[in-house]
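Notes to accompany the following structure.
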Amino acid sequence: KKWRLVCYAKRQLGSRRAAMVFQQLDEDDLPTSCTTIEEVGSTGVGALTVAFLILVVSTIVFLMKANSSGEQRKYYYLSTYICGFAALAYFAMLSGQGWTAIAGCRQFFYARYVDMAITEPLIILNLGLIAGAEGSLIAAIIGADVIMVVSAYLGAVSVVTTVKWFWFLIALAALFGVIVHFAQVFKTAADSKGPEIAALYGKAAWLSILVWICYPVVWLFSEGFASFSVSFEVVAYTIMDIISKCVFSFMIVSAHDSLGQPAQATTQSREYV
C-alpha cells in the first residue's frame, strides 16, 4: 500500500509539473494585451487616399475602353478587375476596415492580402494570355502564387517566431517558382509569337518581377522585424501596388495594336491560302 501511495504521489507531481510547463509555454506564445496599438498615421492615410483615387480612375478608363475594343477586350477586362478589386481593398483600409492587431501591438491590414490573392492571379493570367502559354501552366503558376500569398499572411499573423519565419521561407520558395516561370517558361512561349509580343511581354514581365521581389523585402522589415513604422509600410506597399497593377495594366493596353496583330495575321494568312 505504501508503494502504491508513493507511485501515485509521483504521478500526480509529474502531471502537475507537466501542466506548469505547458502553461508557461502557452503564456510565452500568447501576445500580451495591447493598451495602445501602433496605427497608420496621416502620411499613410494620404497614400491610401491617393492610391484609391488612382485605382478608381484606372478602373473606369479600362472599363470604358473594353466596350470599344475587339480582340483586345479580354486584356481590358482583366485590367479592369485588377484595378477594381485593388480599389475595393484600398477603400476598406481607408475606411478603417480590413485590419487587426498582431504581435507587437501593430496594425495589420489583412485586406491587402485579400487583394493580392485575387489580383495577382489575374496579373499572371494576363501575362499568360499575352505569352500564349498553356492553360494548365497558367493554372499551376497561379497555384504557386496563392501559396505565396497565404504563407505570407500566415507568417504575418503568427505569434511564435519560428513559425513566422517558416511561413516566410515557404512564401519565398513559391515566389521563386513564379519568377522562374515568368523569366523562362512564359518568355519562351512569348518569343514564339513574334518580336512585338515578345517585346511587350518582356517589359510587362520584368516590371512584375522587379516589383514582386520588393514585396518580401518590405514584409521582412514590417510584418517580420517590425522595423518600419506602419505608415512607412503602407506607403511602400502602396507604391508597389500602383506600379504592379496600374502601371502594368496601362503598359499592356497601350500595346493595343500588337495584342490584336497575331489574330489578324492568322486570319489574313488563311484568307490568302
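Following the order of the C-alpha cells, first chain is A, next is B, and so on, with residues numbered from 1 inside each chain and ligands from 1 in the order they appear.
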key: Surrounding residues of Tyr113 of chain A excluding itself and chain neighbours under 6 positions, 8 Å, only C-alpha atoms, as a PyMOL selection string   = chain A and resi 149-150+153
Since we have the selection now, will you write its residues out, keeping C-alpha atoms, as an mmCIF file, in the first residue's frame?
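Final file, selection18.cif:
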```cif
data_model
loop_
_atom_site.group_PDB
_atom_site.id
_atom_site.type_symbol
_atom_site.label_atom_id
_atom_site.label_comp_id
_atom_site.auth_asym_id
_atom_site.auth_seq_id
_atom_site.Cartn_x
_atom_site.Cartn_y
_atom_site.Cartn_z
ATOM 1 C CA VAL A 149 0.149 34.962 -50.530
ATOM 2 C CA VAL A 150 -1.371 32.584 -47.964
ATOM 3 C CA TYR A 153 -0.349 36.149 -44.451
#
```
task = List every residue of segment 35-257 of chain A that DSSP, applied to the backbone of this structure, assigns to strand (DSSP E or B), and report them as a PyMOL selection string.
result = chain A and resi 38+99-102+106-109
Please save C-alpha atoms of the selected residues as a PDB file, in the first residue's frame.
```pdb
ATOM      1  CA  GLU A  38       0.639  51.476 -33.498  1.00  0.00           C
ATOM      2  CA  TRP A  99      -7.278  45.345 -40.260  1.00  0.00           C
ATOM      3  CA  THR A 100      -6.438  43.790 -36.922  1.00  0.00           C
ATOM      4  CA  ALA A 101      -3.697  43.992 -34.298  1.00  0.00           C
ATOM      5  CA  ILE A 102      -0.846  41.486 -34.479  1.00  0.00           C
ATOM      6  CA  ARG A 106       0.915  46.736 -34.544  1.00  0.00           C
ATOM      7  CA  GLN A 107      -1.886  47.497 -37.015  1.00  0.00           C
ATOM      8  CA  PHE A 108      -2.031  44.859 -39.718  1.00  0.00           C
ATOM      9  CA  PHE A 109      -4.102  45.322 -42.895  1.00  0.00           C
TER      10      PHE A 109
END
```
request  = Would you kindly return, as a ChimeraX atom specification, each protein, DNA or RNA residue with an atom no farther than 7 Å from any atom of segment 88-98 of chain A, considering only C-alpha atoms and excluding same-chain residues fewer than 2 positions away?
outcome  = /A:45,48-49,52,84-86,109-112,115
Filtering to N, CA, C and O atoms, could you give me those residues as a compact mmCIF listing (two decimals), in the first residue's frame?
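Saved the output as result-v9.txt:
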```txt
# COMPACT_ATOMS: atom_id res chain seq x y z
N VAL A 45 -2.38 57.46 -44.42
CA VAL A 45 -3.76 57.71 -44.85
C VAL A 45 -3.76 58.47 -46.17
O VAL A 45 -4.57 58.19 -47.07
N LEU A 48 -3.00 55.99 -48.90
CA LEU A 48 -4.18 55.17 -49.19
C LEU A 48 -5.20 55.94 -50.02
O LEU A 48 -5.81 55.37 -50.94
N THR A 49 -5.38 57.21 -49.71
CA THR A 49 -6.34 58.04 -50.45
C THR A 49 -5.93 58.21 -51.90
O THR A 49 -6.74 58.04 -52.82
N PHE A 52 -6.30 54.93 -53.79
CA PHE A 52 -7.70 54.63 -54.06
C PHE A 52 -8.22 55.42 -55.26
O PHE A 52 -8.88 54.86 -56.15
N GLY A 84 -9.94 47.24 -60.15
CA GLY A 84 -11.20 47.33 -59.41
C GLY A 84 -11.13 46.64 -58.06
O GLY A 84 -11.54 47.21 -57.03
N PHE A 85 -10.63 45.41 -58.01
CA PHE A 85 -10.50 44.71 -56.74
C PHE A 85 -9.52 45.43 -55.81
O PHE A 85 -9.74 45.50 -54.59
N ALA A 86 -8.44 45.96 -56.38
CA ALA A 86 -7.48 46.71 -55.56
C ALA A 86 -8.12 47.97 -54.99
O ALA A 86 -7.87 48.34 -53.84
N PHE A 109 -3.03 45.25 -41.91
CA PHE A 109 -4.10 45.32 -42.90
C PHE A 109 -4.18 43.99 -43.66
O PHE A 109 -3.48 43.78 -44.64
N TYR A 110 -5.07 43.12 -43.19
CA TYR A 110 -5.25 41.85 -43.90
C TYR A 110 -6.03 42.02 -45.19
O TYR A 110 -6.02 41.13 -46.05
N ALA A 111 -6.69 43.17 -45.36
CA ALA A 111 -7.39 43.43 -46.63
C ALA A 111 -6.41 43.44 -47.80
O ALA A 111 -6.79 43.12 -48.93
N ARG A 112 -5.17 43.80 -47.53
CA ARG A 112 -4.16 43.80 -48.59
C ARG A 112 -3.90 42.39 -49.11
O ARG A 112 -3.68 42.18 -50.31
N ASP A 115 -6.70 41.31 -51.34
CA ASP A 115 -6.46 41.94 -52.64
C ASP A 115 -5.42 41.16 -53.44
O ASP A 115 -5.63 40.83 -54.62
```
task = Go ahead and compute the interatomic distance for atom CA of Leu125 of chain A and atom CA of Val234 of chain A, in Å to one decimal.
result = 26.4 Å
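As for atom CA of Trp219 of chain A and atom CA of Thr43 of chain A, they are spaced 18.9 Å apart.
Atom CA of Ile123 of chain A is positioned 29.3 Å from atom CA of Val163 of chain A.
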